[in-house]
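Heads up, the thing below is written out as structure tokens.
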Amino acid sequence: MAGDEDPAAAQIRALRPDDDLDAQLELNERSFGVKSPDARDHWRRTVAHLVVQGRCLGAFIGARPIGTAMFHDMRQWWRGRAVPMAGVSSVAVAPEERGQGIARRLMAALLAEMARQGYPISALYPATMPMYRSLGWELAGARETAEIPARSLRPLAPPDLPADAGSVALRRVGAGDAGAVISVIGRVHEAARDCGPITWDEATVRQWLGDPELYVYLAVDGLLIYRWHGGNDAVFVESAEAVSGATVRAFWSHVGSHASIAETVYVRAGAADSFWWLTRERDADVTHRSMWMLRVVDAPGAIAARGFPAATSLRVPLDVSDGACPANSGRWELTVADQKGALNPRPPASAASPALVLGPRGLAALYAGTPVATLRQAGLASGGSADGDAALDAAFGATAYMLDSF
């Protein structure tokens with residue numbers, strides 16, 4: 001601890017435009033490592049944007065910053081519906097102040113701000129999990145990177161059935177196409193009924209579309225994003241998603257055309273991405289996995305915003321206890337019909353079957369598709385019934401994934 005200052009007396013408040021961003025950058029680099037000049041410029045632009053939006057909190061002892069936490073305005077797709085999501089990032093505490101409870105105070109304040117701004121859910125990539133779990137976040141899905149020899153994409157595996165007719169036009173896009181890019185990504189995730197991937201706000205998309213190292217191609221129904229990796233030895237595909245098989249094949253044929261130069265292709269892809277069915281040989285493998293965590297901030301709002309399978313209909317009683325978000329606590333009745341869900345207060349003695357008992361971590365994991373049997377084994381659920389478990393698994397079941405980090 002610096003001097004005789006007491007970190008318990010640290011002030012937690014929103015950062016203001018007149019705060020010293022260089023001091024915040026120095027705090028961030030002491031926590032996570034020194035950035036390149038380009039990364040520093042990107043960090044300053046990002047934080048300045050979040051400060052104006054009221055999405056960046058700081059911890060101060062006097063005028064000295066000792067911690068920071070922020071969140072991005074995102075949409076996360078759940079069964080093909082876009083749910084407003086607060087993406088937490090850059091949670092940092094000065095090394096000399098660690099272990100004093102500053103990070104937990106910051107995250108509790110950030111959680112309250114997310115609720116105040118109306119976000120039903122939040123997600124983050126944890127550097128360490130105990131503190132986040134203590135506030136109700138739980139593991140929900142993965143971000144995976146696969147590696148494949150470039151030669152295995154040239155040519156692609158042939159289809160059993162006739163391919164879609166017509167050629168696919170790919171158009172290079174830039175910062176001025178941010179709106180079109182967001183629209184296409186939304187169409188892809190909606191059509192696939194995806195669970196977990198995100199879309200950014202337009203200002204952020206415009207910023208990364210201006211990155212000269214990214215090659216971004218737009219088709220009528222899909223988006224391809226890649227860059228060179230490690231000089232010209234490899235290509236890194238950050239996204240190759242489309243509605244139609246014809247566009248998916250056009251994207252991977254385009255990537256495969258680099259095989260004369262690049263030896264390796266790295267791919268961000270979910271477990272059900274068609275990429276796995278298009279390679280000629282069994283030589284694509286997951287080489288890196290990052291797990292991310294989810295938090296239900298507003299339980300009724302989160303259920304109402306999420307999509308559900310068309311054939312699912314249920315009525316299940318839930319008892320939720322959530323100390324960090326007390327509005328989530330209570331006796332609830334969960335109903336799902338016509339691909340929509342609702343969570344309403346349950347009158348006393350109204351349930352025909354015993355209620356499933358959940359804390360915030362169990363509720364988050366259920367929302368993300370974790371089987372109820374797994375929740376029970378992990379100590380995240382109790383009570384309920386076999387029929388209720390089966391109905392919940394049918395309604396929420398998913399293998400959630402992300403392609404982006406933040």
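Note on naming: chains are A, B, ... as they come in the structure tokens, residues start from 1 per chain, ligands start from 1 in the order shown.
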Neighbour list for segment 194-198 of chain A as a ChimeraX atom specification, cut-off 10 Å, only C-alpha atoms, skip fewer than 5 positions in-chain: /A:74-85,87,123,140-143,185-186,188-189,270,272,292,294,306-307,368-369,396-405
Within 8 Å of segment 101-113 of chain A, counting only C-alpha atoms, which residues qualify if same-chain residues fewer than 3 places away don't, as a list in words? Pro7, Ala8, Ala10, Ile12, Arg55, Leu57, Gly58, Ala59, Gly67, Thr68, Ala69, Met70, Val91, Ala92, Val93, Glu97, Arg98, Arg116, Gln117, Met131, Leu135, Val297, Ala324 and Cys325 of chain A
For those residues, write N, CA and C atoms to a file as a PDB file, in the first residue's frame.
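Below you can see selection_31.pdb, which holds the result:
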ATOM      1  N   PRO A   7      -6.932   1.792   1.759  1.00  0.00           N
ATOM      2  CA  PRO A   7      -7.733   1.470   0.578  1.00  0.00           C
ATOM      3  C   PRO A   7      -9.207   1.263   0.902  1.00  0.00           C
ATOM      4  N   ALA A   8      -9.530   0.955   2.152  1.00  0.00           N
ATOM      5  CA  ALA A   8     -10.937   0.806   2.519  1.00  0.00           C
ATOM      6  C   ALA A   8     -11.693   2.123   2.375  1.00  0.00           C
ATOM      7  N   ALA A  10     -11.166   4.148  -0.131  1.00  0.00           N
ATOM      8  CA  ALA A  10     -11.121   4.553  -1.535  1.00  0.00           C
ATOM      9  C   ALA A  10     -12.511   4.927  -2.037  1.00  0.00           C
ATOM     10  N   ILE A  12     -15.194   5.115  -4.966  1.00  0.00           N
ATOM     11  CA  ILE A  12     -15.580   4.490  -6.240  1.00  0.00           C
ATOM     12  C   ILE A  12     -16.532   5.439  -6.947  1.00  0.00           C
ATOM     13  N   ARG A  55     -19.888   4.325 -18.617  1.00  0.00           N
ATOM     14  CA  ARG A  55     -19.684   2.893 -18.465  1.00  0.00           C
ATOM     15  C   ARG A  55     -18.281   2.562 -17.962  1.00  0.00           C
ATOM     16  N   LEU A  57     -15.870   2.957 -14.411  1.00  0.00           N
ATOM     17  CA  LEU A  57     -15.738   3.337 -13.012  1.00  0.00           C
ATOM     18  C   LEU A  57     -14.277   3.296 -12.590  1.00  0.00           C
ATOM     19  N   GLY A  58     -13.930   4.148 -11.638  1.00  0.00           N
ATOM     20  CA  GLY A  58     -12.583   4.166 -11.094  1.00  0.00           C
ATOM     21  C   GLY A  58     -12.612   4.147  -9.588  1.00  0.00           C
ATOM     22  N   ALA A  59     -11.534   3.637  -9.006  1.00  0.00           N
ATOM     23  CA  ALA A  59     -11.324   3.692  -7.557  1.00  0.00           C
ATOM     24  C   ALA A  59     -10.177   4.659  -7.294  1.00  0.00           C
ATOM     25  N   GLY A  67      -7.726   1.747  -9.150  1.00  0.00           N
ATOM     26  CA  GLY A  67      -8.484   0.670  -9.771  1.00  0.00           C
ATOM     27  C   GLY A  67      -9.427   1.187 -10.825  1.00  0.00           C
ATOM     28  N   THR A  68      -9.826   0.299 -11.725  1.00  0.00           N
ATOM     29  CA  THR A  68     -10.772   0.690 -12.766  1.00  0.00           C
ATOM     30  C   THR A  68     -11.534  -0.535 -13.245  1.00  0.00           C
ATOM     31  N   ALA A  69     -12.737  -0.311 -13.762  1.00  0.00           N
ATOM     32  CA  ALA A  69     -13.559  -1.364 -14.355  1.00  0.00           C
ATOM     33  C   ALA A  69     -14.530  -0.692 -15.309  1.00  0.00           C
ATOM     34  N   MET A  70     -14.832  -1.369 -16.408  1.00  0.00           N
ATOM     35  CA  MET A  70     -15.694  -0.762 -17.420  1.00  0.00           C
ATOM     36  C   MET A  70     -16.509  -1.831 -18.129  1.00  0.00           C
ATOM     37  N   VAL A  91     -10.794  -4.798 -15.911  1.00  0.00           N
ATOM     38  CA  VAL A  91     -10.904  -4.710 -14.456  1.00  0.00           C
ATOM     39  C   VAL A  91      -9.484  -4.784 -13.895  1.00  0.00           C
ATOM     40  N   ALA A  92      -8.996  -3.670 -13.362  1.00  0.00           N
ATOM     41  CA  ALA A  92      -7.594  -3.578 -12.942  1.00  0.00           C
ATOM     42  C   ALA A  92      -7.498  -2.923 -11.571  1.00  0.00           C
ATOM     43  N   VAL A  93      -6.573  -3.433 -10.779  1.00  0.00           N
ATOM     44  CA  VAL A  93      -6.241  -2.833  -9.486  1.00  0.00           C
ATOM     45  C   VAL A  93      -4.733  -2.664  -9.423  1.00  0.00           C
ATOM     46  N   GLU A  97      -2.033  -2.384  -4.345  1.00  0.00           N
ATOM     47  CA  GLU A  97      -3.287  -2.306  -3.600  1.00  0.00           C
ATOM     48  C   GLU A  97      -4.093  -3.605  -3.685  1.00  0.00           C
ATOM     49  N   ARG A  98      -3.533  -4.637  -4.330  1.00  0.00           N
ATOM     50  CA  ARG A  98      -4.271  -5.888  -4.474  1.00  0.00           C
ATOM     51  C   ARG A  98      -4.478  -6.559  -3.114  1.00  0.00           C
ATOM     52  N   ARG A 116     -28.815  -0.304 -13.355  1.00  0.00           N
ATOM     53  CA  ARG A 116     -29.421   1.025 -13.483  1.00  0.00           C
ATOM     54  C   ARG A 116     -29.617   1.381 -14.952  1.00  0.00           C
ATOM     55  N   GLN A 117     -28.668   0.985 -15.812  1.00  0.00           N
ATOM     56  CA  GLN A 117     -28.767   1.292 -17.238  1.00  0.00           C
ATOM     57  C   GLN A 117     -29.638   0.298 -18.005  1.00  0.00           C
ATOM     58  N   MET A 131     -13.557 -14.166  -7.383  1.00  0.00           N
ATOM     59  CA  MET A 131     -14.215 -12.895  -7.096  1.00  0.00           C
ATOM     60  C   MET A 131     -15.480 -12.731  -7.944  1.00  0.00           C
ATOM     61  N   LEU A 135     -19.853 -12.749  -6.912  1.00  0.00           N
ATOM     62  CA  LEU A 135     -20.845 -11.737  -7.280  1.00  0.00           C
ATOM     63  C   LEU A 135     -21.866 -12.258  -8.289  1.00  0.00           C
ATOM     64  N   VAL A 297     -28.470 -10.101 -14.777  1.00  0.00           N
ATOM     65  CA  VAL A 297     -28.608  -8.857 -14.008  1.00  0.00           C
ATOM     66  C   VAL A 297     -30.069  -8.574 -13.684  1.00  0.00           C
ATOM     67  N   ALA A 324     -26.545 -10.107  -4.506  1.00  0.00           N
ATOM     68  CA  ALA A 324     -25.970  -8.943  -5.181  1.00  0.00           C
ATOM     69  C   ALA A 324     -26.991  -8.215  -6.050  1.00  0.00           C
ATOM     70  N   CYS A 325     -28.006  -8.913  -6.528  1.00  0.00           N
ATOM     71  CA  CYS A 325     -29.103  -8.303  -7.297  1.00  0.00           C
ATOM     72  C   CYS A 325     -30.414  -8.744  -6.653  1.00  0.00           C
TER      73      CYS A 325
END
For segment 32-35 of chain A, find every residue with an atom within 12 Å (counting only C-alpha atoms), except residues of its own chain fewer than 5 positions away, and show them as JSON, numbers by chain. {"A": [25, 26, 27, 40, 41, 42, 43, 44, 89, 90, 91, 92, 93, 94, 95, 127]}
Please list as a list in words every residue within 10 Å of Pro155 of chain A, counting only C-alpha atoms and excluding residues in the same chain fewer than 6 positions away.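 Result of the neighbour search: Trp252, Ser253, Gly256, Ser257, Leu278, Thr279 and Arg280 of chain A.
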Please produce an output containing N, CA and C atoms for each residue in the selection, written as a CSV table (one decimal), in the first residue's frame.
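The result, stored in selection.csv:
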chain,number,residue,atom,x,y,z
A,252,TRP,N,-14.5,-19.8,-47.5
A,252,TRP,CA,-13.4,-20.8,-47.2
A,252,TRP,C,-12.6,-21.0,-48.4
A,253,SER,N,-13.2,-21.0,-49.6
A,253,SER,CA,-12.4,-21.1,-50.8
A,253,SER,C,-11.5,-19.9,-51.0
A,256,GLY,N,-8.7,-20.5,-48.5
A,256,GLY,CA,-7.9,-21.5,-49.0
A,256,GLY,C,-7.0,-21.1,-50.2
A,257,SER,N,-7.3,-20.1,-50.9
A,257,SER,CA,-6.5,-19.6,-52.0
A,257,SER,C,-5.2,-19.0,-51.5
A,278,LEU,N,-16.3,-29.0,-43.7
A,278,LEU,CA,-15.8,-28.6,-45.1
A,278,LEU,C,-14.4,-28.9,-45.3
A,279,THR,N,-13.6,-29.3,-44.3
A,279,THR,CA,-12.2,-29.6,-44.5
A,279,THR,C,-12.1,-31.0,-45.1
A,280,ARG,N,-11.1,-31.2,-45.9
A,280,ARG,CA,-10.9,-32.5,-46.6
A,280,ARG,C,-10.4,-33.6,-45.7
Kindly indicate which residue among A:Arg64, A:His49, A:Arg172, A:Arg154 lies nearest to Arg249 of chain A, using only C-alpha atoms for the distances.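 Among the listed residues, the smallest separation from Arg249 of chain A belongs to A:Arg154.
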What's the 6 Å shell around Phe308 of chain A, counting only C-alpha atoms, without same-chain residues fewer than 6 positions away, as a short mmCIF file (atom, residue, chain, number, x, y, z; two decimals) with N, CA and C atoms, in the first residue's frame?
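Output saved as selection-v9.cif:
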data_model
loop_
_atom_site.label_atom_id
_atom_site.label_comp_id
_atom_site.auth_asym_id
_atom_site.auth_seq_id
_atom_site.Cartn_x
_atom_site.Cartn_y
_atom_site.Cartn_z
N ARG A 79 -30.48 -18.07 -28.77
CA ARG A 79 -31.47 -18.76 -29.60
C ARG A 79 -32.03 -17.80 -30.66
N GLN A 339 -41.89 -19.77 -28.54
CA GLN A 339 -40.51 -19.31 -28.64
C GLN A 339 -40.20 -18.11 -27.72
N LYS A 340 -41.10 -17.81 -26.77
CA LYS A 340 -40.90 -16.70 -25.85
C LYS A 340 -41.01 -17.19 -24.41
N ALA A 395 -35.65 -26.40 -23.09
CA ALA A 395 -35.85 -24.98 -23.37
C ALA A 395 -34.54 -24.22 -23.48
#
Polymer residues at most 9 Å from Glu202 of chain A, only C-alpha atoms, same-chain spacing of 4 or more positions, as an MDAnalysis selection string: chainID A and resid 178:179 182 206:207
Hey, can you spit out that residue selection with C-alpha atoms as a tab-separated table (two decimals), in the first residue's frame?
chain	number	residue	atom	x	y	z
A	178	ALA	CA	-20.40	-0.48	-40.18
A	179	GLY	CA	-24.19	-0.47	-40.30
A	182	ILE	CA	-23.89	-5.24	-38.07
A	206	ARG	CA	-16.56	1.53	-37.39
A	207	GLN	CA	-13.32	1.76	-35.44
I'd like the interatomic distance between atom CA of Leu375 of chain A and atom CA of Ser329 of chain A, to a tenth of an Å.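 Between these atoms lies a distance of 18.3 Å.
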Show which residues sit within 12 Å of segment 357-360 of chain A, as a VMD selection string. Count only C-alpha atoms, and ignore same-chain residues fewer than 3 positions away. chain A and resid 121 132 to 139 294 to 299 316 to 333 354 363 to 367 372 375 to 376 378 to 385 388 to 389
Determine which residues of segment 90-147 of chain A DSSP labels as strand (DSSP E or B) from the backbone of this structure, then write them out as a PyMOL selection string. chain A and resi 90-93+121-124+138-147
Can you spit out the residues from that selection as a compact mmCIF listing (two decimals), in the first residue's frame, using N, CA and C atoms?
# COMPACT_ATOMS: atom_id res chain seq x y z
N SER A 90 -11.25 -4.80 -18.73
CA SER A 90 -10.23 -3.93 -18.10
C SER A 90 -10.48 -3.71 -16.62
N VAL A 91 -10.79 -4.80 -15.91
CA VAL A 91 -10.90 -4.71 -14.46
C VAL A 91 -9.48 -4.78 -13.90
N ALA A 92 -9.00 -3.67 -13.36
CA ALA A 92 -7.59 -3.58 -12.94
C ALA A 92 -7.50 -2.92 -11.57
N VAL A 93 -6.57 -3.43 -10.78
CA VAL A 93 -6.24 -2.83 -9.49
C VAL A 93 -4.73 -2.66 -9.42
N ILE A 121 -28.34 -8.82 -18.91
CA ILE A 121 -27.27 -9.79 -18.68
C ILE A 121 -25.92 -9.11 -18.84
N SER A 122 -24.88 -9.79 -18.33
CA SER A 122 -23.51 -9.31 -18.45
C SER A 122 -22.60 -10.51 -18.70
N ALA A 123 -21.50 -10.28 -19.41
CA ALA A 123 -20.52 -11.34 -19.66
C ALA A 123 -19.12 -10.78 -19.51
N LEU A 124 -18.17 -11.67 -19.23
CA LEU A 124 -16.77 -11.26 -19.09
C LEU A 124 -15.86 -12.46 -19.28
N GLU A 138 -20.95 -16.88 -13.70
CA GLU A 138 -20.58 -18.30 -13.78
C GLU A 138 -20.19 -18.66 -15.21
N LEU A 139 -19.36 -19.71 -15.34
CA LEU A 139 -18.93 -20.16 -16.66
C LEU A 139 -20.13 -20.47 -17.54
N ALA A 140 -20.04 -19.99 -18.79
CA ALA A 140 -21.18 -20.13 -19.69
C ALA A 140 -20.81 -20.71 -21.04
N GLY A 141 -19.62 -20.41 -21.55
CA GLY A 141 -19.26 -20.88 -22.88
C GLY A 141 -17.79 -20.66 -23.15
N ALA A 142 -17.40 -20.92 -24.39
CA ALA A 142 -15.99 -20.90 -24.77
C ALA A 142 -15.77 -20.05 -26.01
N ARG A 143 -14.55 -19.58 -26.12
CA ARG A 143 -14.05 -18.94 -27.34
C ARG A 143 -12.86 -19.79 -27.79
N GLU A 144 -13.00 -20.47 -28.92
CA GLU A 144 -12.01 -21.45 -29.34
C GLU A 144 -11.30 -21.02 -30.62
N THR A 145 -10.03 -21.37 -30.68
CA THR A 145 -9.23 -21.15 -31.89
C THR A 145 -8.78 -22.50 -32.41
N ALA A 146 -9.07 -22.77 -33.68
CA ALA A 146 -8.64 -24.01 -34.33
C ALA A 146 -7.47 -23.72 -35.25
N GLU A 147 -6.70 -24.75 -35.52
CA GLU A 147 -5.55 -24.65 -36.42
C GLU A 147 -5.66 -25.74 -37.47
